[in-house]
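Student: Got a structure for you, written out below as structure tokens; questions coming shortly.
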Amino acid sequence: MNFEDLSSLRPDLAFIAHWVPEQSHVLDVGCGDGAMLRYLQSGKGCTGYGIEIADDSLLASARRGINVIQQDMEKGLGLFSDNSFDTVLCLSSLQMMQHVEALLRDIVRVGAEAIVSFPNFAYWPHRMALLRGRMPVSKSLPYQWYDTPNVRCATIYDFEELAEECGLEVLERVALADGKPVSFLPNLRGSLAVFRLRKKVRPAQALPAA
């Protein structure tokens, strides 16, 4: 799979892929059908694993040649030691978790950096739906209220506050609409929020005077 294939399949993944350095060791938490990891392996020489729980997605990933582990993400990433990976991906999965803060802390524990994406609930069509008295349905939130796997709704500003509370540094933040960055009023005009994060580096403590 080349970059053009990924771009036509999932424009958001094509954009996010350029944040992952070549030859990186990658963990994709909630890897779905494995399209992202397949591209990173074949197009950027990356190695790594995917984590997925759904049987159909697990099979699709395996057919793409992905090393995939079947596990419930709610149980954490205890399989992996600290800083096991260069980059940990959690793309459009975090909003499906009951314990978002715990998983986010675990993601940055096992990875030097993390890339997280989620549907932006403050996207203007979502706001308009709420003004009409209806729950939003869109490309980034394609489910009805009664069958959605999403249990958490967040905006770009909400996630920034959570990252700060978790002691994380936001290296880059982008709002995407149809896979393209939105610079003007991103919290209003972006349907998907993407963050590149790492643990904040604590300043070295001064040595006591002799």
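Just remember, in the structure tokens the first chain shown is A, the second B, etc., residues are 1-based per chain, and ligands are 1-based in the order shown.
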Tell me, as a list in words, which residues lie within 9 Å of Trp19 (chain A), counting only C-alpha atoms; anything in the same chain fewer than 2 positions away does not count.

Tutor: Phe15, Ile16, Ala17, Pro21, Ile115 and Arg196 of chain A

Student: Run DSSP on the backbone and grab whatever in region 39-95 of chain A lands in helix (DSSP H, G or I); send it over as a PyMOL selection string.

Tutor: chain A and resi 39-44+55-63+73-75+94-95

Student: Grab the residues selected above and save them as a compact mmCIF listing (two decimals), in the first residue's frame with all heavy atoms.

Tutor:
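File written: selection.txt
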# COMPACT_ATOMS: atom_id res chain seq x y z
N TYR A 39 0.65 0.73 6.09
CA TYR A 39 1.34 1.81 5.38
C TYR A 39 2.67 2.14 6.05
O TYR A 39 3.71 2.29 5.39
CB TYR A 39 0.50 3.07 5.29
CG TYR A 39 1.33 4.24 4.84
CD1 TYR A 39 1.77 4.33 3.52
CD2 TYR A 39 1.78 5.20 5.75
CE1 TYR A 39 2.60 5.36 3.11
CE2 TYR A 39 2.60 6.22 5.34
CZ TYR A 39 3.01 6.30 4.03
OH TYR A 39 3.85 7.31 3.64
N LEU A 40 2.67 2.28 7.38
CA LEU A 40 3.89 2.64 8.09
C LEU A 40 4.98 1.59 7.91
O LEU A 40 6.16 1.92 7.81
CB LEU A 40 3.59 2.84 9.58
CG LEU A 40 2.70 4.03 9.93
CD1 LEU A 40 2.39 4.03 11.42
CD2 LEU A 40 3.35 5.35 9.52
N GLN A 41 4.59 0.33 7.84
CA GLN A 41 5.57 -0.73 7.64
C GLN A 41 6.13 -0.72 6.23
O GLN A 41 7.34 -0.78 6.02
CB GLN A 41 4.94 -2.09 7.95
CG GLN A 41 4.68 -2.33 9.43
CD GLN A 41 4.05 -3.68 9.71
OE1 GLN A 41 3.74 -4.44 8.79
NE2 GLN A 41 3.84 -3.99 10.98
N SER A 42 5.24 -0.65 5.24
CA SER A 42 5.68 -0.76 3.85
C SER A 42 6.20 0.56 3.30
O SER A 42 7.11 0.58 2.47
CB SER A 42 4.52 -1.25 2.98
OG SER A 42 3.44 -0.34 3.01
N GLY A 43 5.65 1.69 3.76
CA GLY A 43 6.03 2.98 3.20
C GLY A 43 7.10 3.72 3.98
O GLY A 43 7.82 4.54 3.41
N LYS A 44 7.25 3.42 5.29
CA LYS A 44 8.19 4.16 6.11
C LYS A 44 9.14 3.25 6.90
O LYS A 44 9.90 3.74 7.74
CB LYS A 44 7.45 5.09 7.08
CG LYS A 44 6.45 6.02 6.38
CD LYS A 44 5.95 7.13 7.29
CE LYS A 44 6.97 8.24 7.45
NZ LYS A 44 6.42 9.43 8.14
N ASP A 55 -13.29 -9.08 16.46
CA ASP A 55 -12.83 -10.23 15.68
C ASP A 55 -12.65 -9.90 14.20
O ASP A 55 -11.67 -10.32 13.58
CB ASP A 55 -13.82 -11.39 15.82
CG ASP A 55 -13.81 -12.00 17.22
OD1 ASP A 55 -12.80 -11.87 17.92
OD2 ASP A 55 -14.84 -12.61 17.60
N ASP A 56 -13.61 -9.15 13.61
CA ASP A 56 -13.51 -8.85 12.18
C ASP A 56 -12.32 -7.94 11.88
O ASP A 56 -11.61 -8.14 10.89
CB ASP A 56 -14.81 -8.23 11.67
CG ASP A 56 -15.24 -7.00 12.46
OD1 ASP A 56 -14.72 -6.79 13.57
OD2 ASP A 56 -16.09 -6.23 11.95
N SER A 57 -12.08 -6.95 12.75
CA SER A 57 -10.93 -6.07 12.55
C SER A 57 -9.62 -6.82 12.78
O SER A 57 -8.63 -6.58 12.09
CB SER A 57 -11.01 -4.87 13.51
OG SER A 57 -12.13 -4.07 13.23
N LEU A 58 -9.61 -7.71 13.75
CA LEU A 58 -8.44 -8.53 14.01
C LEU A 58 -8.07 -9.36 12.79
O LEU A 58 -6.91 -9.43 12.39
CB LEU A 58 -8.71 -9.44 15.21
CG LEU A 58 -7.51 -10.11 15.87
CD1 LEU A 58 -6.81 -9.13 16.79
CD2 LEU A 58 -7.96 -11.34 16.66
N LEU A 59 -9.07 -9.95 12.16
CA LEU A 59 -8.84 -10.76 10.97
C LEU A 59 -8.35 -9.89 9.81
O LEU A 59 -7.42 -10.28 9.09
CB LEU A 59 -10.14 -11.47 10.58
CG LEU A 59 -10.07 -12.39 9.35
CD1 LEU A 59 -9.03 -13.49 9.56
CD2 LEU A 59 -11.45 -12.98 9.06
N ALA A 60 -8.94 -8.70 9.64
CA ALA A 60 -8.52 -7.80 8.57
C ALA A 60 -7.07 -7.37 8.76
O ALA A 60 -6.30 -7.30 7.79
CB ALA A 60 -9.44 -6.58 8.51
N SER A 61 -6.67 -7.08 10.00
CA SER A 61 -5.29 -6.70 10.29
C SER A 61 -4.34 -7.84 9.99
O SER A 61 -3.27 -7.65 9.40
CB SER A 61 -5.15 -6.27 11.75
OG SER A 61 -5.80 -5.06 12.00
N ALA A 62 -4.73 -9.05 10.41
CA ALA A 62 -3.88 -10.21 10.17
C ALA A 62 -3.69 -10.46 8.68
O ALA A 62 -2.60 -10.82 8.23
CB ALA A 62 -4.48 -11.44 10.85
N ARG A 63 -4.74 -10.25 7.90
CA ARG A 63 -4.64 -10.43 6.45
C ARG A 63 -3.71 -9.41 5.81
O ARG A 63 -3.16 -9.66 4.74
CB ARG A 63 -6.04 -10.36 5.83
CG ARG A 63 -6.88 -11.60 6.08
CD ARG A 63 -8.30 -11.43 5.59
NE ARG A 63 -9.06 -12.67 5.70
CZ ARG A 63 -10.37 -12.76 5.55
NH1 ARG A 63 -11.09 -11.66 5.27
NH2 ARG A 63 -10.98 -13.93 5.66
N MET A 73 -8.68 -2.72 25.32
CA MET A 73 -7.85 -1.57 25.68
C MET A 73 -8.16 -1.05 27.07
O MET A 73 -7.33 -0.41 27.70
CB MET A 73 -8.04 -0.44 24.65
CG MET A 73 -7.49 -0.77 23.28
SD MET A 73 -7.72 0.61 22.13
CE MET A 73 -9.49 0.62 21.91
N GLU A 74 -9.38 -1.32 27.57
CA GLU A 74 -9.75 -0.87 28.91
C GLU A 74 -8.87 -1.52 29.98
O GLU A 74 -8.75 -1.00 31.09
CB GLU A 74 -11.21 -1.19 29.20
CG GLU A 74 -12.21 -0.41 28.36
CD GLU A 74 -12.43 1.00 28.86
OE1 GLU A 74 -11.65 1.49 29.69
OE2 GLU A 74 -13.39 1.63 28.40
N LYS A 75 -8.24 -2.64 29.64
CA LYS A 75 -7.39 -3.34 30.60
C LYS A 75 -5.98 -2.75 30.64
O LYS A 75 -5.13 -3.25 31.38
CB LYS A 75 -7.34 -4.83 30.27
CG LYS A 75 -8.70 -5.52 30.42
CD LYS A 75 -8.61 -7.00 30.11
CE LYS A 75 -9.97 -7.68 30.31
NZ LYS A 75 -9.91 -9.13 29.99
N LEU A 94 -10.07 6.70 21.51
CA LEU A 94 -10.07 7.14 22.90
C LEU A 94 -11.47 7.47 23.40
O LEU A 94 -11.81 7.22 24.56
CB LEU A 94 -9.15 8.36 23.05
CG LEU A 94 -8.61 8.66 24.45
CD1 LEU A 94 -7.73 7.54 24.96
CD2 LEU A 94 -7.85 9.98 24.46
N GLN A 95 -12.31 8.00 22.50
CA GLN A 95 -13.66 8.39 22.91
C GLN A 95 -14.56 7.18 23.20
O GLN A 95 -15.66 7.33 23.70
CB GLN A 95 -14.31 9.29 21.85
CG GLN A 95 -14.80 8.57 20.60
CD GLN A 95 -13.69 8.30 19.59
OE1 GLN A 95 -12.54 8.65 19.81
NE2 GLN A 95 -14.04 7.70 18.47

Student: Smallest atom-to-atom distance to Asp106 (chain A): which of A:Val151, A:Leu77, A:Leu197, A:Val137, using only C-alpha atoms?

Tutor: A:Leu77

Student: Would you mind listing what lies within 12 Å of Ser24 (chain A) as an NGL selection string, with only C-alpha atoms counted and same-chain residues fewer than 2 positions away left out?

Tutor: :A and (17-22 or 26-27 or 37 or 40-41 or 43-49 or 84-89 or 111-113)

Student: List the neighbours of Met97 (chain A) out to 12 Å using only C-alpha atoms; skip same-chain residues closer than 3 positions along the sequence, and give me the result as a compact mmCIF listing (two decimals) with N, CA, C and O atoms, in the first residue's frame.

Tutor:
# COMPACT_ATOMS: atom_id res chain seq x y z
N VAL A 29 -2.91 1.45 19.09
CA VAL A 29 -3.93 1.03 20.06
C VAL A 29 -5.30 1.23 19.44
O VAL A 29 -5.72 2.36 19.19
N GLY A 30 -6.00 0.14 19.19
CA GLY A 30 -7.26 0.21 18.45
C GLY A 30 -6.96 0.32 16.97
O GLY A 30 -7.43 1.26 16.30
N ASP A 72 -8.61 -6.13 25.18
CA ASP A 72 -9.48 -5.00 25.53
C ASP A 72 -8.60 -3.85 26.00
O ASP A 72 -7.87 -3.98 26.99
N MET A 73 -8.68 -2.72 25.32
CA MET A 73 -7.85 -1.57 25.68
C MET A 73 -8.16 -1.05 27.07
O MET A 73 -7.33 -0.41 27.70
N GLU A 74 -9.38 -1.32 27.57
CA GLU A 74 -9.75 -0.87 28.91
C GLU A 74 -8.87 -1.52 29.98
O GLU A 74 -8.75 -1.00 31.09
N LYS A 75 -8.24 -2.64 29.64
CA LYS A 75 -7.39 -3.34 30.60
C LYS A 75 -5.98 -2.75 30.64
O LYS A 75 -5.13 -3.25 31.38
N GLY A 76 -5.73 -1.72 29.84
CA GLY A 76 -4.44 -1.05 29.88
C GLY A 76 -3.39 -1.72 29.02
O GLY A 76 -3.66 -2.67 28.28
N CYS A 90 -3.28 6.25 18.93
CA CYS A 90 -4.63 5.94 19.42
C CYS A 90 -5.58 6.81 18.60
O CYS A 90 -5.89 7.94 18.98
N SER A 92 -8.99 7.74 16.80
CA SER A 92 -10.46 7.62 16.82
C SER A 92 -10.91 6.45 17.68
O SER A 92 -11.88 5.76 17.36
N SER A 93 -10.20 6.23 18.79
CA SER A 93 -10.55 5.14 19.70
C SER A 93 -10.74 5.63 21.14
O SER A 93 -11.51 5.03 21.90
N LEU A 94 -10.07 6.70 21.51
CA LEU A 94 -10.07 7.14 22.90
C LEU A 94 -11.47 7.47 23.40
O LEU A 94 -11.81 7.22 24.56
N VAL A 100 -10.71 7.12 30.17
CA VAL A 100 -9.87 7.84 29.22
C VAL A 100 -8.55 8.28 29.85
O VAL A 100 -7.47 8.08 29.27
N GLU A 101 -8.61 8.86 31.03
CA GLU A 101 -7.40 9.39 31.65
C GLU A 101 -6.38 8.29 31.92
O GLU A 101 -5.19 8.46 31.66
N ALA A 102 -6.83 7.16 32.43
CA ALA A 102 -5.92 6.05 32.73
C ALA A 102 -5.25 5.53 31.47
O ALA A 102 -4.03 5.27 31.45
N LEU A 103 -6.03 5.38 30.38
CA LEU A 103 -5.45 4.89 29.13
C LEU A 103 -4.46 5.90 28.56
O LEU A 103 -3.40 5.54 28.06
N LEU A 104 -4.80 7.19 28.64
CA LEU A 104 -3.91 8.21 28.11
C LEU A 104 -2.57 8.20 28.85
O LEU A 104 -1.51 8.30 28.23
N PHE A 118 -9.57 12.17 17.78
CA PHE A 118 -10.93 11.90 18.24
C PHE A 118 -11.88 12.87 17.54
O PHE A 118 -11.47 13.96 17.12
N PRO A 149 -20.72 3.45 19.65
CA PRO A 149 -19.70 2.90 20.56
C PRO A 149 -19.02 4.00 21.37
O PRO A 149 -18.25 3.70 22.29
N ASN A 150 -19.27 5.26 21.02
CA ASN A 150 -18.63 6.38 21.71
C ASN A 150 -19.30 6.63 23.05
O ASN A 150 -20.51 6.80 23.13
N VAL A 151 -18.50 6.64 24.10
CA VAL A 151 -19.04 6.89 25.44
C VAL A 151 -18.55 8.21 26.01
O VAL A 151 -18.96 8.62 27.08
N ARG A 152 -17.65 8.89 25.30
CA ARG A 152 -17.11 10.18 25.75
C ARG A 152 -17.20 11.17 24.58
O ARG A 152 -16.90 10.82 23.44
N CYS A 153 -17.59 12.38 24.87
CA CYS A 153 -17.63 13.45 23.88
C CYS A 153 -16.70 14.56 24.34
O CYS A 153 -16.79 15.00 25.49

Student: Assign secondary structure with DSSP using the backbone only, and return the residues of region 1-82 of chain A in strand (DSSP E or B) as a list in words.

Tutor: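 The strand (DSSP E or B) residues within region 1-82 of chain A come out as His25, Val26, Leu27, Asp28, Val29, Thr47, Gly48, Tyr49, Gly50, Ile51, Glu52, Val68, Ile69 and Gln70 of chain A.
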
Student: Residues at most 8 Å from Ile69 (chain A), counting only C-alpha atoms, excluding those fewer than 6 positions away in the same chain, as a PDB file with C-alpha atoms, in the first residue's frame?

Tutor:
ATOM      1  CA  TYR A  49       2.172  -4.085  16.875  1.00  0.00           C
ATOM      2  CA  GLY A  50      -1.518  -3.368  16.779  1.00  0.00           C
ATOM      3  CA  ILE A  51      -4.026  -3.889  19.578  1.00  0.00           C
ATOM      4  CA  GLU A  52      -7.613  -4.682  18.651  1.00  0.00           C
TER       5      GLU A  52
END

Student: Need the shell around Phe159 (chain A): protein/DNA/RNA residues with any atom at most 12 Å away, counting only C-alpha atoms. Skip same-chain ones fewer than 2 positions apart. Format as an mmCIF file with N, CA and C atoms, in the first residue's frame?

Tutor:
data_model
loop_
_atom_site.group_PDB
_atom_site.id
_atom_site.type_symbol
_atom_site.label_atom_id
_atom_site.label_comp_id
_atom_site.auth_asym_id
_atom_site.auth_seq_id
_atom_site.Cartn_x
_atom_site.Cartn_y
_atom_site.Cartn_z
ATOM 1 N N LEU A 94 -10.067 6.703 21.511
ATOM 2 C CA LEU A 94 -10.066 7.143 22.902
ATOM 3 C C LEU A 94 -11.468 7.470 23.396
ATOM 4 N N GLN A 95 -12.312 8.000 22.495
ATOM 5 C CA GLN A 95 -13.662 8.393 22.911
ATOM 6 C C GLN A 95 -14.559 7.182 23.196
ATOM 7 N N VAL A 100 -10.709 7.121 30.173
ATOM 8 C CA VAL A 100 -9.868 7.838 29.219
ATOM 9 C C VAL A 100 -8.549 8.275 29.849
ATOM 10 N N GLU A 101 -8.610 8.856 31.032
ATOM 11 C CA GLU A 101 -7.396 9.391 31.654
ATOM 12 C C GLU A 101 -6.382 8.293 31.923
ATOM 13 N N LEU A 104 -4.800 7.186 28.636
ATOM 14 C CA LEU A 104 -3.913 8.212 28.113
ATOM 15 C C LEU A 104 -2.574 8.200 28.847
ATOM 16 N N VAL A 116 -2.838 11.082 19.155
ATOM 17 C CA VAL A 116 -4.217 10.777 19.531
ATOM 18 C C VAL A 116 -5.159 11.575 18.644
ATOM 19 N N SER A 117 -6.196 10.929 18.146
ATOM 20 C CA SER A 117 -7.232 11.660 17.406
ATOM 21 C C SER A 117 -8.601 11.256 17.933
ATOM 22 N N PHE A 118 -9.566 12.165 17.784
ATOM 23 C CA PHE A 118 -10.930 11.901 18.245
ATOM 24 C C PHE A 118 -11.880 12.867 17.539
ATOM 25 N N PRO A 119 -13.160 12.495 17.414
ATOM 26 C CA PRO A 119 -14.130 13.413 16.819
ATOM 27 C C PRO A 119 -14.291 14.650 17.688
ATOM 28 N N ASN A 120 -14.271 15.821 17.052
ATOM 29 C CA ASN A 120 -14.421 17.091 17.760
ATOM 30 C C ASN A 120 -15.909 17.403 17.920
ATOM 31 N N PHE A 121 -16.397 17.312 19.144
ATOM 32 C CA PHE A 121 -17.824 17.505 19.384
ATOM 33 C C PHE A 121 -18.248 18.951 19.163
ATOM 34 N N ALA A 122 -17.279 19.881 19.129
ATOM 35 C CA ALA A 122 -17.604 21.289 18.915
ATOM 36 C C ALA A 122 -17.672 21.665 17.430
ATOM 37 N N ARG A 152 -17.649 8.888 25.303
ATOM 38 C CA ARG A 152 -17.109 10.177 25.749
ATOM 39 C C ARG A 152 -17.200 11.166 24.583
ATOM 40 N N CYS A 153 -17.592 12.380 24.873
ATOM 41 C CA CYS A 153 -17.628 13.453 23.875
ATOM 42 C C CYS A 153 -16.704 14.564 24.337
ATOM 43 N N ALA A 154 -15.825 15.025 23.460
ATOM 44 C CA ALA A 154 -14.857 16.049 23.844
ATOM 45 C C ALA A 154 -14.657 17.037 22.712
ATOM 46 N N THR A 155 -14.187 18.225 23.092
ATOM 47 C CA THR A 155 -13.776 19.236 22.133
ATOM 48 C C THR A 155 -12.259 19.380 22.199
ATOM 49 N N ILE A 156 -11.713 20.156 21.290
ATOM 50 C CA ILE A 156 -10.269 20.402 21.287
ATOM 51 C C ILE A 156 -9.836 21.024 22.608
ATOM 52 N N TYR A 157 -10.606 21.991 23.088
ATOM 53 C CA TYR A 157 -10.248 22.664 24.338
ATOM 54 C C TYR A 157 -10.321 21.712 25.530
ATOM 55 N N GLU A 161 -7.102 20.591 28.142
ATOM 56 C CA GLU A 161 -7.139 20.649 29.601
ATOM 57 C C GLU A 161 -6.774 19.293 30.210
ATOM 58 N N LEU A 162 -7.269 18.214 29.620
ATOM 59 C CA LEU A 162 -6.947 16.883 30.123
ATOM 60 C C LEU A 162 -5.456 16.589 29.980
ATOM 61 N N ALA A 163 -4.880 16.956 28.840
ATOM 62 C CA ALA A 163 -3.452 16.744 28.637
ATOM 63 C C ALA A 163 -2.637 17.473 29.699
ATOM 64 N N GLU A 164 -3.046 18.684 30.025
ATOM 65 C CA GLU A 164 -2.346 19.449 31.050
ATOM 66 C C GLU A 164 -2.467 18.762 32.403
ATOM 67 N N GLU A 165 -3.656 18.281 32.734
ATOM 68 C CA GLU A 165 -3.869 17.594 34.010
ATOM 69 C C GLU A 165 -3.045 16.312 34.104
ATOM 70 N N CYS A 166 -2.816 15.669 32.974
ATOM 71 C CA CYS A 166 -2.056 14.414 32.946
ATOM 72 C C CYS A 166 -0.551 14.651 32.843
ATOM 73 N N LEU A 168 1.117 16.248 30.364
ATOM 74 C CA LEU A 168 1.580 16.004 29.000
ATOM 75 C C LEU A 168 1.866 17.312 28.283
ATOM 76 N N GLU A 169 2.823 17.273 27.402
ATOM 77 C CA GLU A 169 3.166 18.417 26.558
ATOM 78 C C GLU A 169 2.575 18.216 25.180
ATOM 79 N N VAL A 170 1.833 19.198 24.701
ATOM 80 C CA VAL A 170 1.274 19.143 23.350
ATOM 81 C C VAL A 170 2.330 19.642 22.372
ATOM 82 N N ARG A 173 -0.892 20.295 17.439
ATOM 83 C CA ARG A 173 -2.334 20.138 17.515
ATOM 84 C C ARG A 173 -2.931 20.602 16.203
ATOM 85 N N ASN A 187 -11.647 24.845 16.319
ATOM 86 C CA ASN A 187 -12.581 24.148 17.204
ATOM 87 C C ASN A 187 -14.009 24.188 16.670
ATOM 88 N N ALA A 193 -10.023 16.085 15.727
ATOM 89 C CA ALA A 193 -8.898 16.689 16.444
ATOM 90 C C ALA A 193 -7.748 15.691 16.492
ATOM 91 N N VAL A 194 -6.528 16.179 16.249
ATOM 92 C CA VAL A 194 -5.342 15.327 16.275
ATOM 93 C C VAL A 194 -4.280 16.005 17.126
ATOM 94 N N PHE A 195 -3.746 15.271 18.094
ATOM 95 C CA PHE A 195 -2.727 15.795 19.003
ATOM 96 C C PHE A 195 -1.484 14.904 18.959
ATOM 97 N N ARG A 196 -0.319 15.538 18.950
ATOM 98 C CA ARG A 196 0.953 14.826 19.154
ATOM 99 C C ARG A 196 1.478 15.226 20.515
ATOM 100 N N LEU A 197 1.729 14.232 21.360
ATOM 101 C CA LEU A 197 1.982 14.470 22.779
ATOM 102 C C LEU A 197 3.240 13.753 23.255
#
